[in-house]
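Quick look at run-v8.txt (compact mmCIF, C-alpha atoms):
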```
# COMPACT_ATOMS: atom_id res chain seq x y z
CA MET A 271 0.00 0.00 0.00
CA ASN A 272 1.12 3.58 -0.65
CA PHE A 273 2.84 4.70 2.59
CA GLU A 274 1.35 8.21 2.41
CA LEU A 275 -2.15 6.80 2.04
CA PHE A 276 -1.49 4.31 4.85
CA LEU A 277 -0.36 7.07 7.19
CA ALA A 278 -3.33 9.26 6.22
CA ARG A 279 -5.72 6.42 7.00
CA ARG A 280 -4.13 5.91 10.44
CA LEU A 281 -4.49 9.60 11.21
CA TYR A 282 -8.05 9.63 9.85
CA ASN A 283 -9.09 6.61 11.92
CA GLN A 284 -7.89 8.35 15.08
CA GLY A 285 -10.49 10.98 14.25
CA GLY A 286 -9.11 13.54 16.68
CA GLU A 287 -10.73 11.89 19.68
CA ARG A 288 -8.40 13.73 22.06
CA ARG A 289 -8.47 16.96 20.12
CA ARG A 290 -11.66 18.99 20.39
CA ALA A 291 -10.67 21.43 17.64
CA SER A 292 -9.91 18.61 15.21
CA ARG A 293 -13.14 16.85 16.04
CA SER A 294 -15.14 20.03 15.40
CA ALA A 295 -13.18 20.77 12.23
CA ILE A 296 -13.86 17.29 10.87
CA VAL A 297 -17.58 17.60 11.59
CA ILE A 298 -17.83 21.08 10.05
CA ALA A 299 -15.84 20.11 6.96
CA THR A 300 -17.90 16.97 6.41
CA ALA A 301 -21.17 18.85 6.99
CA GLY A 302 -20.11 21.62 4.58
CA VAL A 303 -19.37 19.19 1.77
CA ALA A 304 -22.51 17.13 2.49
CA LEU A 305 -24.73 20.23 2.55
CA GLY A 306 -23.21 21.55 -0.66
CA ILE A 307 -23.63 18.26 -2.53
CA ALA A 308 -27.19 17.75 -1.28
CA ILE A 309 -28.27 21.26 -2.32
CA MET A 310 -26.56 20.95 -5.72
CA VAL A 311 -28.21 17.59 -6.45
CA ILE A 312 -31.62 18.89 -5.35
CA SER A 313 -31.28 22.18 -7.26
CA VAL A 314 -30.30 20.53 -10.53
CA SER A 315 -33.01 17.86 -10.15
CA VAL A 316 -35.72 20.44 -9.46
CA VAL A 317 -34.73 22.63 -12.42
CA LEU A 318 -34.55 19.63 -14.74
CA GLY A 319 -37.94 18.53 -13.40
CA PHE A 320 -39.47 21.96 -13.99
CA LYS A 321 -38.13 22.16 -17.52
CA TYR A 322 -39.18 18.63 -18.39
CA GLU A 323 -42.68 18.91 -16.92
CA VAL A 324 -43.50 22.32 -18.41
CA GLN A 325 -42.06 21.39 -21.81
CA ARG A 326 -43.97 18.10 -21.70
CA LYS A 327 -47.23 19.93 -21.07
CA VAL A 328 -46.67 22.67 -23.63
CA THR A 329 -45.65 20.25 -26.39
CA GLY A 330 -48.16 17.60 -25.31
CA ILE A 331 -51.21 19.82 -25.67
CA GLY A 332 -49.67 21.58 -28.68
CA SER A 333 -46.68 20.23 -30.60
CA HIS A 334 -42.97 20.78 -31.04
CA ILE A 335 -43.39 22.11 -34.59
CA GLN A 336 -46.44 23.22 -36.58
CA VAL A 337 -46.76 23.39 -40.34
CA VAL A 338 -49.32 26.12 -41.07
CA ASN A 339 -50.28 28.82 -43.53
CA TYR A 340 -47.92 31.77 -43.18
CA GLN A 341 -50.92 34.12 -42.83
CA SER A 342 -52.13 32.17 -39.78
CA LEU A 343 -49.21 33.59 -37.81
CA TYR A 344 -50.75 37.05 -37.99
CA ASP A 345 -54.51 36.35 -38.11
CA THR A 346 -56.75 35.45 -35.18
CA GLU A 347 -58.52 32.87 -37.38
CA SER A 348 -56.50 30.09 -38.99
CA GLN A 349 -56.01 30.16 -42.75
CA PRO A 350 -56.23 26.99 -44.88
CA ILE A 351 -53.21 25.09 -46.11
CA VAL A 352 -52.86 21.79 -47.98
CA ILE A 353 -51.23 19.09 -45.84
CA SER A 354 -50.91 16.16 -48.20
CA ASP A 355 -50.26 12.56 -47.23
CA LYS A 356 -46.95 12.77 -49.10
CA LEU A 357 -45.84 15.78 -47.04
CA LEU A 358 -46.77 14.01 -43.80
CA GLN A 359 -44.78 10.94 -44.86
CA HIS A 360 -41.70 13.05 -45.58
CA ILE A 361 -41.99 14.77 -42.20
CA ARG A 362 -42.41 11.46 -40.35
CA ARG A 363 -39.14 10.21 -41.85
CA ILE A 364 -37.17 13.03 -40.20
CA PRO A 365 -34.99 11.67 -37.35
CA GLY A 366 -36.57 12.39 -33.97
CA VAL A 367 -40.13 12.82 -35.28
CA THR A 368 -42.66 10.57 -33.54
CA SER A 369 -45.88 11.77 -35.20
CA ALA A 370 -47.29 14.30 -37.66
CA GLN A 371 -51.07 14.84 -37.84
CA ARG A 372 -53.50 17.32 -39.40
CA PHE A 373 -55.75 19.57 -37.34
CA CYS A 374 -58.33 22.30 -37.85
CA THR A 375 -58.98 25.22 -35.50
CA LYS A 376 -61.80 27.73 -35.28
CA THR A 377 -62.83 30.32 -32.73
CA GLY A 378 -66.31 30.15 -31.29
CA MET A 379 -68.33 30.51 -28.13
CA LEU A 380 -69.68 28.00 -25.63
CA LYS A 381 -72.95 29.03 -24.00
CA THR A 382 -74.97 27.58 -21.16
CA ASP A 383 -78.13 28.91 -19.52
CA ASP A 384 -76.23 31.16 -17.15
CA SER A 385 -72.81 31.73 -18.69
CA PHE A 386 -70.79 31.88 -21.92
CA GLN A 387 -67.11 31.78 -22.87
CA GLY A 388 -65.10 32.37 -26.04
CA VAL A 389 -62.94 29.35 -26.92
CA MET A 390 -60.78 27.83 -29.61
CA PHE A 391 -62.11 24.59 -31.11
CA LYS A 392 -59.38 22.20 -32.20
CA GLY A 393 -60.63 19.51 -34.54
CA ILE A 394 -58.60 16.31 -34.66
CA ASP A 395 -59.06 12.95 -36.35
CA ALA A 396 -58.62 9.29 -35.42
CA ASP A 397 -54.89 9.34 -36.23
CA TYR A 398 -54.13 12.13 -33.78
CA ASP A 399 -51.87 11.18 -30.85
CA LEU A 400 -54.09 11.48 -27.75
CA SER A 401 -51.62 10.02 -25.23
CA PHE A 402 -50.93 13.32 -23.46
CA LEU A 403 -54.56 14.42 -23.53
CA ARG A 404 -55.64 11.10 -22.01
CA SER A 405 -52.98 11.39 -19.30
CA SER A 406 -54.31 14.86 -18.42
CA LEU A 407 -57.96 13.82 -18.02
CA VAL A 408 -59.47 14.46 -14.59
CA ASP A 409 -62.96 13.21 -15.40
CA GLY A 410 -64.56 11.11 -18.12
CA GLU A 411 -62.76 9.37 -20.94
CA ILE A 412 -62.36 9.53 -24.70
CA VAL A 413 -64.19 6.36 -25.69
CA LYS A 414 -64.75 6.95 -29.39
CA PRO A 415 -61.87 8.27 -31.51
CA PHE A 416 -62.40 11.62 -33.15
CA SER A 417 -63.15 11.48 -36.86
CA ALA A 418 -62.37 13.42 -40.00
CA THR A 419 -65.32 11.95 -41.91
CA GLN A 420 -68.25 12.19 -39.50
CA SER A 421 -69.42 14.21 -36.55
CA THR A 422 -69.22 12.54 -33.13
CA GLY A 423 -70.77 15.41 -31.17
CA SER A 424 -68.33 14.86 -28.27
CA LEU A 425 -66.33 17.65 -26.70
CA VAL A 426 -63.32 17.65 -24.37
CA VAL A 427 -63.05 20.77 -22.22
CA SER A 428 -60.65 21.91 -19.51
CA ARG A 429 -61.52 21.91 -15.82
CA MET A 430 -61.22 25.71 -15.83
CA LEU A 431 -63.87 26.04 -18.53
CA ALA A 432 -66.03 23.38 -16.92
CA GLN A 433 -66.07 25.35 -13.66
CA GLN A 434 -66.75 28.65 -15.42
CA LEU A 435 -69.64 27.19 -17.43
CA HIS A 436 -70.85 24.76 -14.73
CA LEU A 437 -70.29 21.77 -16.97
CA GLN A 438 -69.63 18.14 -16.11
CA VAL A 439 -69.20 14.93 -18.05
CA GLY A 440 -72.45 14.25 -19.91
CA SER A 441 -73.51 17.92 -19.99
CA ARG A 442 -74.89 19.23 -23.25
CA VAL A 443 -73.67 22.61 -24.39
CA TYR A 444 -74.30 24.78 -27.43
CA ALA A 445 -71.46 26.27 -29.45
CA TYR A 446 -71.96 29.37 -31.58
CA PHE A 447 -69.81 30.44 -34.52
CA PHE A 448 -69.88 33.94 -35.97
CA ASP A 449 -69.06 34.32 -39.66
CA ASP A 450 -71.32 35.89 -42.27
CA ASN A 451 -74.19 34.42 -40.30
CA LEU A 452 -74.64 32.79 -36.92
CA ARG A 453 -74.27 29.02 -36.78
CA ALA A 454 -74.84 26.75 -33.81
CA ARG A 455 -73.77 23.23 -32.92
CA ARG A 456 -74.64 21.09 -29.93
CA PHE A 457 -71.97 19.05 -28.16
CA THR A 458 -71.88 16.61 -25.27
CA VAL A 459 -68.98 16.87 -22.83
CA SER A 460 -67.25 13.49 -22.89
CA ALA A 461 -64.16 14.31 -20.81
CA ILE A 462 -62.51 17.06 -18.80
CA TYR A 463 -58.75 17.68 -18.85
CA GLU A 464 -56.37 19.84 -16.82
CA THR A 465 -52.81 20.90 -17.70
CA ASN A 466 -52.49 23.92 -15.34
CA LEU A 467 -51.29 25.91 -18.36
CA THR A 468 -53.63 28.90 -18.34
CA GLU A 469 -52.87 29.71 -21.99
CA TYR A 470 -54.46 26.39 -22.98
CA ASP A 471 -56.94 25.64 -20.21
CA SER A 472 -58.68 29.00 -20.51
CA ARG A 473 -59.64 28.62 -24.17
CA LEU A 474 -58.84 25.28 -25.84
CA VAL A 475 -61.44 22.55 -26.41
CA PHE A 476 -61.20 19.43 -28.55
CA CYS A 477 -63.75 17.95 -30.94
CA ASP A 478 -63.78 15.96 -34.19
CA MET A 479 -62.09 17.48 -37.23
CA HIS A 480 -65.11 16.83 -39.46
CA THR A 481 -67.25 19.39 -37.61
CA VAL A 482 -64.58 22.10 -37.57
CA HIS A 483 -63.63 21.43 -41.20
CA ARG A 484 -67.22 21.94 -42.34
CA LEU A 485 -67.59 25.11 -40.28
CA LEU A 486 -64.43 26.51 -41.86
CA GLY A 487 -65.66 25.67 -45.36
CA TYR A 488 -62.26 24.34 -46.45
CA GLU A 489 -61.67 22.19 -49.50
CA ALA A 490 -61.31 18.45 -48.90
CA ASP A 491 -57.50 18.54 -48.99
CA GLN A 492 -57.16 21.65 -46.80
CA SER A 493 -56.75 21.95 -43.04
CA SER A 494 -55.43 24.49 -40.54
CA GLY A 495 -52.08 22.75 -40.37
CA ALA A 496 -50.15 19.80 -38.98
CA ASP A 497 -48.77 19.11 -35.51
CA VAL A 498 -45.29 17.58 -35.55
CA ASN A 499 -44.17 15.88 -32.32
CA LEU A 500 -40.61 14.86 -31.48
CA VAL A 501 -38.97 12.42 -29.10
CA ASP A 502 -37.79 15.31 -26.93
CA MET A 503 -36.68 18.93 -27.06
CA GLU A 504 -33.10 17.91 -27.85
CA HIS A 505 -34.21 17.03 -31.39
CA LEU A 506 -35.96 20.37 -31.94
CA PRO A 507 -33.11 22.37 -33.59
CA ALA A 508 -32.23 19.68 -36.13
CA ALA A 509 -35.82 18.64 -36.85
CA SER A 510 -37.08 22.21 -37.21
CA GLU A 511 -34.24 22.92 -39.65
CA ARG A 512 -35.25 19.91 -41.75
CA VAL A 513 -38.94 20.87 -41.72
CA MET A 514 -38.04 24.47 -42.57
CA ARG A 515 -36.03 23.42 -45.60
CA MET A 516 -38.89 21.17 -46.66
CA VAL A 517 -41.79 23.67 -46.53
CA ASN A 518 -40.58 27.25 -46.11
CA HIS A 519 -40.76 29.42 -49.23
CA GLN A 520 -43.06 26.79 -50.72
CA GLN A 521 -46.72 27.21 -51.70
CA ASP A 522 -49.58 24.74 -51.89
CA ARG A 523 -51.66 24.30 -55.03
CA TYR A 524 -53.90 27.22 -54.01
CA GLY A 525 -50.93 29.56 -53.70
CA SER A 526 -50.90 29.63 -49.88
CA PRO A 527 -47.37 29.92 -48.39
CA TYR A 528 -46.14 27.41 -45.81
CA SER A 529 -44.54 28.26 -42.48
CA SER A 530 -43.15 26.06 -39.69
CA PRO A 531 -43.07 27.84 -36.28
CA THR A 532 -41.63 25.89 -33.35
CA ILE A 533 -43.02 25.72 -29.83
CA ARG A 534 -40.25 28.10 -28.75
CA ASP A 535 -41.47 30.67 -31.28
CA GLN A 536 -45.09 30.39 -30.17
CA TYR A 537 -44.49 30.41 -26.40
CA SER A 538 -41.23 32.29 -26.10
CA HIS A 539 -42.20 33.76 -22.69
CA ILE A 540 -42.49 30.31 -21.12
CA PHE A 541 -39.13 29.16 -22.48
CA ALA A 542 -37.49 32.45 -21.49
CA TRP A 543 -38.65 31.78 -17.93
CA LEU A 544 -37.25 28.24 -18.08
CA ASP A 545 -33.93 29.55 -19.41
CA LEU A 546 -33.68 31.90 -16.42
CA LEU A 547 -33.79 28.87 -14.14
CA ASP A 548 -30.48 27.73 -15.65
CA MET A 549 -28.80 30.92 -14.43
CA ASN A 550 -30.24 30.38 -10.94
CA VAL A 551 -28.77 26.88 -10.86
CA ILE A 552 -25.34 28.14 -11.95
CA VAL A 553 -25.35 30.66 -9.09
CA ILE A 554 -26.38 27.96 -6.59
CA LEU A 555 -23.70 25.56 -7.84
CA VAL A 556 -20.97 28.20 -7.55
CA LEU A 557 -22.06 29.19 -4.03
CA MET A 558 -22.28 25.59 -2.81
CA LEU A 559 -18.89 24.71 -4.30
CA ALA A 560 -17.46 27.74 -2.51
CA VAL A 561 -19.06 26.66 0.79
CA ALA A 562 -17.75 23.10 0.43
CA GLY A 563 -14.27 24.32 -0.49
CA PHE A 564 -14.09 26.90 2.31
CA THR A 565 -15.17 24.50 5.06
CA THR A 566 -12.79 21.79 3.84
CA ILE A 567 -9.82 24.16 3.61
CA SER A 568 -10.56 25.57 7.07
CA GLY A 569 -10.86 22.09 8.53
CA LEU A 570 -7.59 20.97 6.97
CA LEU A 571 -5.73 24.02 8.29
CA ILE A 572 -6.94 23.28 11.82
CA ILE A 573 -5.95 19.61 11.48
CA ILE A 574 -2.45 20.53 10.21
CA LEU A 575 -1.93 23.00 13.05
CA GLU A 576 -2.94 20.44 15.63
CA ARG A 577 -0.62 17.86 14.02
CA THR A 578 2.37 20.23 14.09
CA GLN A 579 4.28 18.08 16.57
CA PHE A 580 3.63 14.96 14.47
CA ILE A 581 4.90 16.77 11.36
CA GLY A 582 8.05 17.89 13.22
CA ILE A 583 8.81 14.35 14.41
CA MET A 584 8.29 12.96 10.89
CA LYS A 585 10.65 15.57 9.46
CA ALA A 586 13.23 14.82 12.16
CA LEU A 587 13.04 11.17 11.09
CA GLY A 588 13.83 12.19 7.51
CA ALA A 589 10.42 12.69 5.92
CA ALA A 590 10.37 15.22 3.05
CA ASN A 591 7.85 18.00 2.65
CA ARG A 592 6.17 16.54 -0.41
CA PRO A 593 5.22 13.14 1.09
CA LEU A 594 3.92 14.87 4.23
CA ARG A 595 1.80 17.20 2.10
CA HIS A 596 0.40 14.14 0.34
CA VAL A 597 -0.49 12.59 3.70
CA PHE A 598 -2.69 15.53 4.66
CA LEU A 599 -4.07 15.80 1.14
CA TRP A 600 -5.22 12.17 1.38
CA TYR A 601 -6.60 12.94 4.84
CA ALA A 602 -8.66 15.85 3.49
CA LEU A 603 -9.89 13.82 0.52
CA MET A 604 -11.19 11.19 2.95
CA LEU A 605 -13.20 13.95 4.65
CA VAL A 606 -14.48 15.12 1.27
CA GLY A 607 -15.36 11.53 0.34
CA ARG A 608 -17.40 11.07 3.50
CA GLY A 609 -19.14 14.38 2.83
CA LEU A 610 -19.92 13.28 -0.73
CA VAL A 611 -21.49 10.05 0.50
CA VAL A 612 -23.63 11.78 3.13
CA GLY A 613 -24.64 14.59 0.74
CA ASN A 614 -25.62 12.20 -2.03
CA VAL A 615 -27.71 10.10 0.34
CA LEU A 616 -29.56 13.19 1.62
CA GLY A 617 -30.03 14.79 -1.81
CA ILE A 618 -31.11 11.64 -3.63
CA ALA A 619 -33.41 10.59 -0.78
CA PHE A 620 -35.18 13.97 -0.88
CA CYS A 621 -35.53 13.79 -4.67
CA LEU A 622 -37.01 10.29 -4.55
CA LEU A 623 -39.45 11.22 -1.78
CA GLN A 624 -40.58 14.35 -3.64
CA GLN A 625 -40.81 12.46 -6.92
CA HIS A 626 -43.08 9.74 -5.53
CA LEU A 627 -44.96 11.53 -2.73
CA GLY A 628 -45.07 15.18 -3.87
CA LEU A 629 -44.41 16.51 -0.36
CA ILE A 630 -43.87 20.15 -1.41
CA HIS A 631 -46.84 21.75 -3.19
CA LEU A 632 -46.96 24.79 -5.47
CA ASP A 633 -49.56 27.19 -6.82
CA ALA A 634 -50.37 25.62 -10.19
CA ALA A 635 -51.72 28.93 -11.56
CA THR A 636 -48.25 30.48 -11.15
CA TYR A 637 -45.84 27.59 -11.69
CA TYR A 638 -47.87 25.39 -14.11
CA VAL A 639 -47.49 22.40 -11.76
CA ASP A 640 -49.17 21.59 -8.44
CA SER A 641 -46.07 20.16 -6.73
CA VAL A 642 -42.31 20.62 -7.09
CA PRO A 643 -41.31 18.41 -10.03
CA VAL A 644 -38.07 16.44 -9.68
CA LEU A 645 -36.11 14.72 -12.42
CA LEU A 646 -33.17 12.78 -10.98
CA SER A 647 -30.51 12.64 -13.69
CA TRP A 648 -27.66 10.24 -12.86
CA PRO A 649 -25.22 11.81 -15.36
CA TRP A 650 -25.75 15.14 -13.61
CA VAL A 651 -25.30 13.58 -10.16
CA ILE A 652 -22.04 11.93 -11.28
CA ALA A 653 -20.85 15.17 -12.89
CA ILE A 654 -21.55 17.16 -9.70
CA ASN A 655 -19.59 14.67 -7.61
CA VAL A 656 -16.64 14.52 -10.00
CA ILE A 657 -16.41 18.31 -10.33
CA THR A 658 -16.67 18.77 -6.56
CA LEU A 659 -13.94 16.21 -5.96
CA LEU A 660 -11.61 17.74 -8.57
CA LEU A 661 -12.11 21.32 -7.38
CA SER A 662 -11.70 20.26 -3.75
CA THR A 663 -8.44 18.52 -4.60
CA LEU A 664 -7.09 21.65 -6.30
CA ALA A 665 -8.27 23.87 -3.44
CA LEU A 666 -6.65 21.62 -0.82
CA LEU A 667 -3.23 21.96 -2.37
CA LEU A 668 -2.96 25.47 -0.90
CA PRO A 669 -3.33 24.65 2.83
CA THR A 670 -0.91 21.70 2.52
CA LEU A 671 1.83 24.26 1.74
CA LEU A 672 1.75 25.02 5.46
CA VAL A 673 3.46 21.68 6.04
CA SER A 674 6.55 22.92 4.21
CA ARG A 675 6.90 25.91 6.59
CA ILE A 676 6.97 23.84 9.78
CA ARG A 677 10.49 23.49 11.28
CA PRO A 678 11.26 20.23 13.16
CA ALA A 679 13.11 21.85 16.06
CA ARG A 680 10.26 24.20 16.94
CA ALA A 681 7.49 21.73 16.05
CA ILE A 682 8.72 19.01 18.42
CA ARG A 683 8.47 21.50 21.32
CA TRP A 684 4.95 22.54 20.11
CA GLU A 685 2.31 22.42 22.85
```
Mind converting the file's structure to structure tokens?
Amino acid sequence: MNFELFLARRLYNQGGERRRASRSAIVIATAGVALGIAIMVISVSVVLGFKYEVQRKVTGIGSHIQVVNYQSLYDTESQPIVISDKLLQHIRRIPGVTSAQRFCTKTGMLKTDDSFQGVMFKGIDADYDLSFLRSSLVDGEIVKPFSATQSTGSLVVSRMLAQQLHLQVGSRVYAYFFDDNLRARRFTVSAIYETNLTEYDSRLVFCDMHTVHRLLGYEADQSSGADVNLVDMEHLPAASERVMRMVNHQQDRYGSPYSSPTIRDQYSHIFAWLDLLDMNVIVILVLMLAVAGFTTISGLLIIILERTQFIGIMKALGAANRPLRHVFLWYALMLVGRGLVVGNVLGIAFCLLQQHLGLIHLDAATYYVDSVPVLLSWPWVIAINVITLLLSTLALLLPTLLVSRIRPARAIRWE
């Protein structure tokens, strides 16, 4: 075994049982590293959880990329565009794309006996991916698939709208559409969803595409656009570039220009808020690394000072400065290692408890989620530990220089 490591382990196992200052220094240094690691693991996990959960909701109820008429970006009412089967097939072949489906949207009004509310009707067909919508249901279920060829008369509304209009599953409600003349349709509420995203919950309802398509008066091959969903946000830059090259500056057979806005373009304020969280995490990581480094350096200085007599005796026996510095460096790294273990246990335990039990709750109207979301990422946990260990090692080189300044003759008489 390395003699320096062996000696460090013997000193470490003594633990300073007869030295109150050493004992306190060891406890403080270990606690500082443990606290720093725990807070760093929790902070990164919470931010990753927030970003994942909010992005999942925004893209789940909408889509990562939309292919629409360029004029729809500036009009309150959607403009028609041809989304051919061939175009959808080309989009689905793009790496990272999981689905691409047509949709139709039209503004209208839901009215009950005592209330009314302006909403956006989104018509979808049987091929539309309803996995997120089904996971967000709080009442009822989508039994029959929506259709592009016939009217089902079913309507999926948000809990916010259901409370405002006093609706429940099975309620019948009239919808009114204002164009050149007033048109009315009757729907039956089949399910109620909740995403806690006010931008969606306050105005978006789902019905079959056949009804919306007829109300819009589009040609058979026209729709409001196509929703393109990806595996995750990491594929968005490359996939959006491919879709852009495919459709931008192109026109359909009616002369309507294509456009392909991404979810970041449509909801830039939400993603700007999420990006700010990254800066908060960087500040927390820097502060916690500083706390861990400061407490460890302070503890090591105290330990070296209390081992002055030992250092003097070792030098009198012929030990060089460098091996002695390595002894105390190993000693300090053992303290850091124990702090890393304790901090990881505390941080990971909190993350797992919050992930499964949701102990800490939030105001969903403000934060888009009803409890603190946690996403425990093992690569991030490993990276935090490795960086902390490397920076601690570099920081500990400075206090070990004190060993070189200790003179054997004076150190042996040290009391």
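Computed from the coordinates, the atom CA of Thr670 of chain A to atom CA of Ile657 of chain A distance equals 20.4 Å.
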Please determine the residues with any atom at most 10 Å from (-49.2, 20.1, -9.7) (coordinates as given in the file, with all atoms listed in the file counting) and report them as a PyMOL selection string. chain A and resi 323+465-466+628+630-635+637-643
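In this model, the gap between atom CA of Cys374 of chain A and atom CA of Ala432 of chain A comes to 22.3 Å.
With distances taken over all atoms listed in the file, A:Arg523 is the one residue among A:Arg523, A:Lys376, A:Arg473, A:Arg363 lying closest to Gln492 of chain A.
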Which residues are close to Arg442 of chain A, i.e. within 9 Å by all atoms listed in the file, leaving aside same-chain residues fewer than 6 positions away? Reply as an mmCIF file with C-alpha atoms, in the coordinates of the input.
```cif
data_model
loop_
_atom_site.group_PDB
_atom_site.id
_atom_site.type_symbol
_atom_site.label_atom_id
_atom_site.label_comp_id
_atom_site.auth_asym_id
_atom_site.auth_seq_id
_atom_site.Cartn_x
_atom_site.Cartn_y
_atom_site.Cartn_z
ATOM 1 C CA THR A 382 -74.970 27.580 -21.160
ATOM 2 C CA ARG A 456 -74.640 21.090 -29.930
ATOM 3 C CA PHE A 457 -71.970 19.050 -28.160
ATOM 4 C CA THR A 458 -71.880 16.610 -25.270
ATOM 5 C CA VAL A 459 -68.980 16.870 -22.830
#
```
Closest of A:Asp395, A:Asp497, A:Asp502, A:Glu464 to Gly366 of chain A - atom-to-atom distances counting all atoms listed in the file: A:Asp502
Nearest to Leu357 of chain A: which of A:Leu605, A:Leu671, A:Ala496, A:Ile583 is it, counting only C-alpha atoms? A:Ala496
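From atom CA of Asn499 of chain A back to atom CA of Ser369 of chain A, the distance works out to 5.3 Å.
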Contacts of Ser405 of chain A within 12 Å, only C-alpha atoms, excl. fewer than 5 positions in-chain, as a VMD selection string: chain A and resid 326 to 327 330 to 331 399 to 400 410 to 412 461 to 465
Contacts of segment 506-517 of chain A within 12 Å, all atoms listed in the file, excl. fewer than 5 positions in-chain, as an MDAnalysis selection string: chainID A and resid 325 329 333:340 351:354 356:368 370 496:501 522 526:535
Residue subset to file, keeping C-alpha atoms, as a tab-separated table (two decimals), in the frame of the given file:
```
chain	number	residue	atom	x	y	z
A	325	GLN	CA	-42.06	21.39	-21.81
A	329	THR	CA	-45.65	20.25	-26.39
A	333	SER	CA	-46.68	20.23	-30.60
A	334	HIS	CA	-42.97	20.78	-31.04
A	335	ILE	CA	-43.39	22.11	-34.59
A	336	GLN	CA	-46.44	23.22	-36.58
A	337	VAL	CA	-46.76	23.39	-40.34
A	338	VAL	CA	-49.32	26.12	-41.07
A	339	ASN	CA	-50.28	28.82	-43.53
A	340	TYR	CA	-47.92	31.77	-43.18
A	351	ILE	CA	-53.21	25.09	-46.11
A	352	VAL	CA	-52.86	21.79	-47.98
A	353	ILE	CA	-51.23	19.09	-45.84
A	354	SER	CA	-50.91	16.16	-48.20
A	356	LYS	CA	-46.95	12.77	-49.10
A	357	LEU	CA	-45.84	15.78	-47.04
A	358	LEU	CA	-46.77	14.01	-43.80
A	359	GLN	CA	-44.78	10.94	-44.86
A	360	HIS	CA	-41.70	13.05	-45.58
A	361	ILE	CA	-41.99	14.77	-42.20
A	362	ARG	CA	-42.41	11.46	-40.35
A	363	ARG	CA	-39.14	10.21	-41.85
A	364	ILE	CA	-37.17	13.03	-40.20
A	365	PRO	CA	-34.99	11.67	-37.35
A	366	GLY	CA	-36.57	12.39	-33.97
A	367	VAL	CA	-40.13	12.82	-35.28
A	368	THR	CA	-42.66	10.57	-33.54
A	370	ALA	CA	-47.29	14.30	-37.66
A	496	ALA	CA	-50.15	19.80	-38.98
A	497	ASP	CA	-48.77	19.11	-35.51
A	498	VAL	CA	-45.29	17.58	-35.55
A	499	ASN	CA	-44.17	15.88	-32.32
A	500	LEU	CA	-40.61	14.86	-31.48
A	501	VAL	CA	-38.97	12.42	-29.10
A	522	ASP	CA	-49.58	24.74	-51.89
A	526	SER	CA	-50.90	29.63	-49.88
A	527	PRO	CA	-47.37	29.92	-48.39
A	528	TYR	CA	-46.14	27.41	-45.81
A	529	SER	CA	-44.54	28.26	-42.48
A	530	SER	CA	-43.15	26.06	-39.69
A	531	PRO	CA	-43.07	27.84	-36.28
A	532	THR	CA	-41.63	25.89	-33.35
A	533	ILE	CA	-43.02	25.72	-29.83
A	534	ARG	CA	-40.25	28.10	-28.75
A	535	ASP	CA	-41.47	30.67	-31.28
```
Find the residues with any atom within 10 Å of (-64.1, 29.7, -22.0); use only C-alpha atoms and the coordinates as given in the file, and write the answer as a list in words. Gly378, Met379, Leu380, Lys381, Ser385, Phe386, Gln387, Gly388, Val389, Met390, Val427, Ser428, Met430, Leu431, Ala432, Gln433, Gln434, Leu435, Asp471, Ser472, Arg473, Leu474 and Val475 of chain A
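The shortest atom-to-atom distance to Thr377 of chain A, with only C-alpha atoms taken into account, belongs to A:Lys392 out of A:Lys392, A:Arg293, A:Arg280, A:His480.
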Go through A:Leu668, A:Ile309, A:Val317, A:Ala299 and flag the residue nearest Leu547 of chain A, using all atoms listed in the file for the distances. A:Val317
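The shortest atom-to-atom distance to Val324 of chain A, with only C-alpha atoms taken into account, belongs to A:Leu467 out of A:Leu437, A:Leu467, A:Leu275, A:Ile654.
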With all atoms of segment 440-452 of chain A from the file as input, state the centre and edge lengths in Å to one decimal of the axis-aligned box that has 4 Å extra on each side, as AutoDock Vina command-line options.
```
--center_x -72.0 --center_y 25.1 --center_z -31.1 --size_x 13.8 --size_y 29.6 --size_z 30.4
```
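With all atoms listed in the file taken into account, the protein and nucleic acid residues at most 6 Å from Met558 of chain A (excluding it and anything under 3 positions from it in its own chain) are Gly306, Leu555 and Val561 of chain A.
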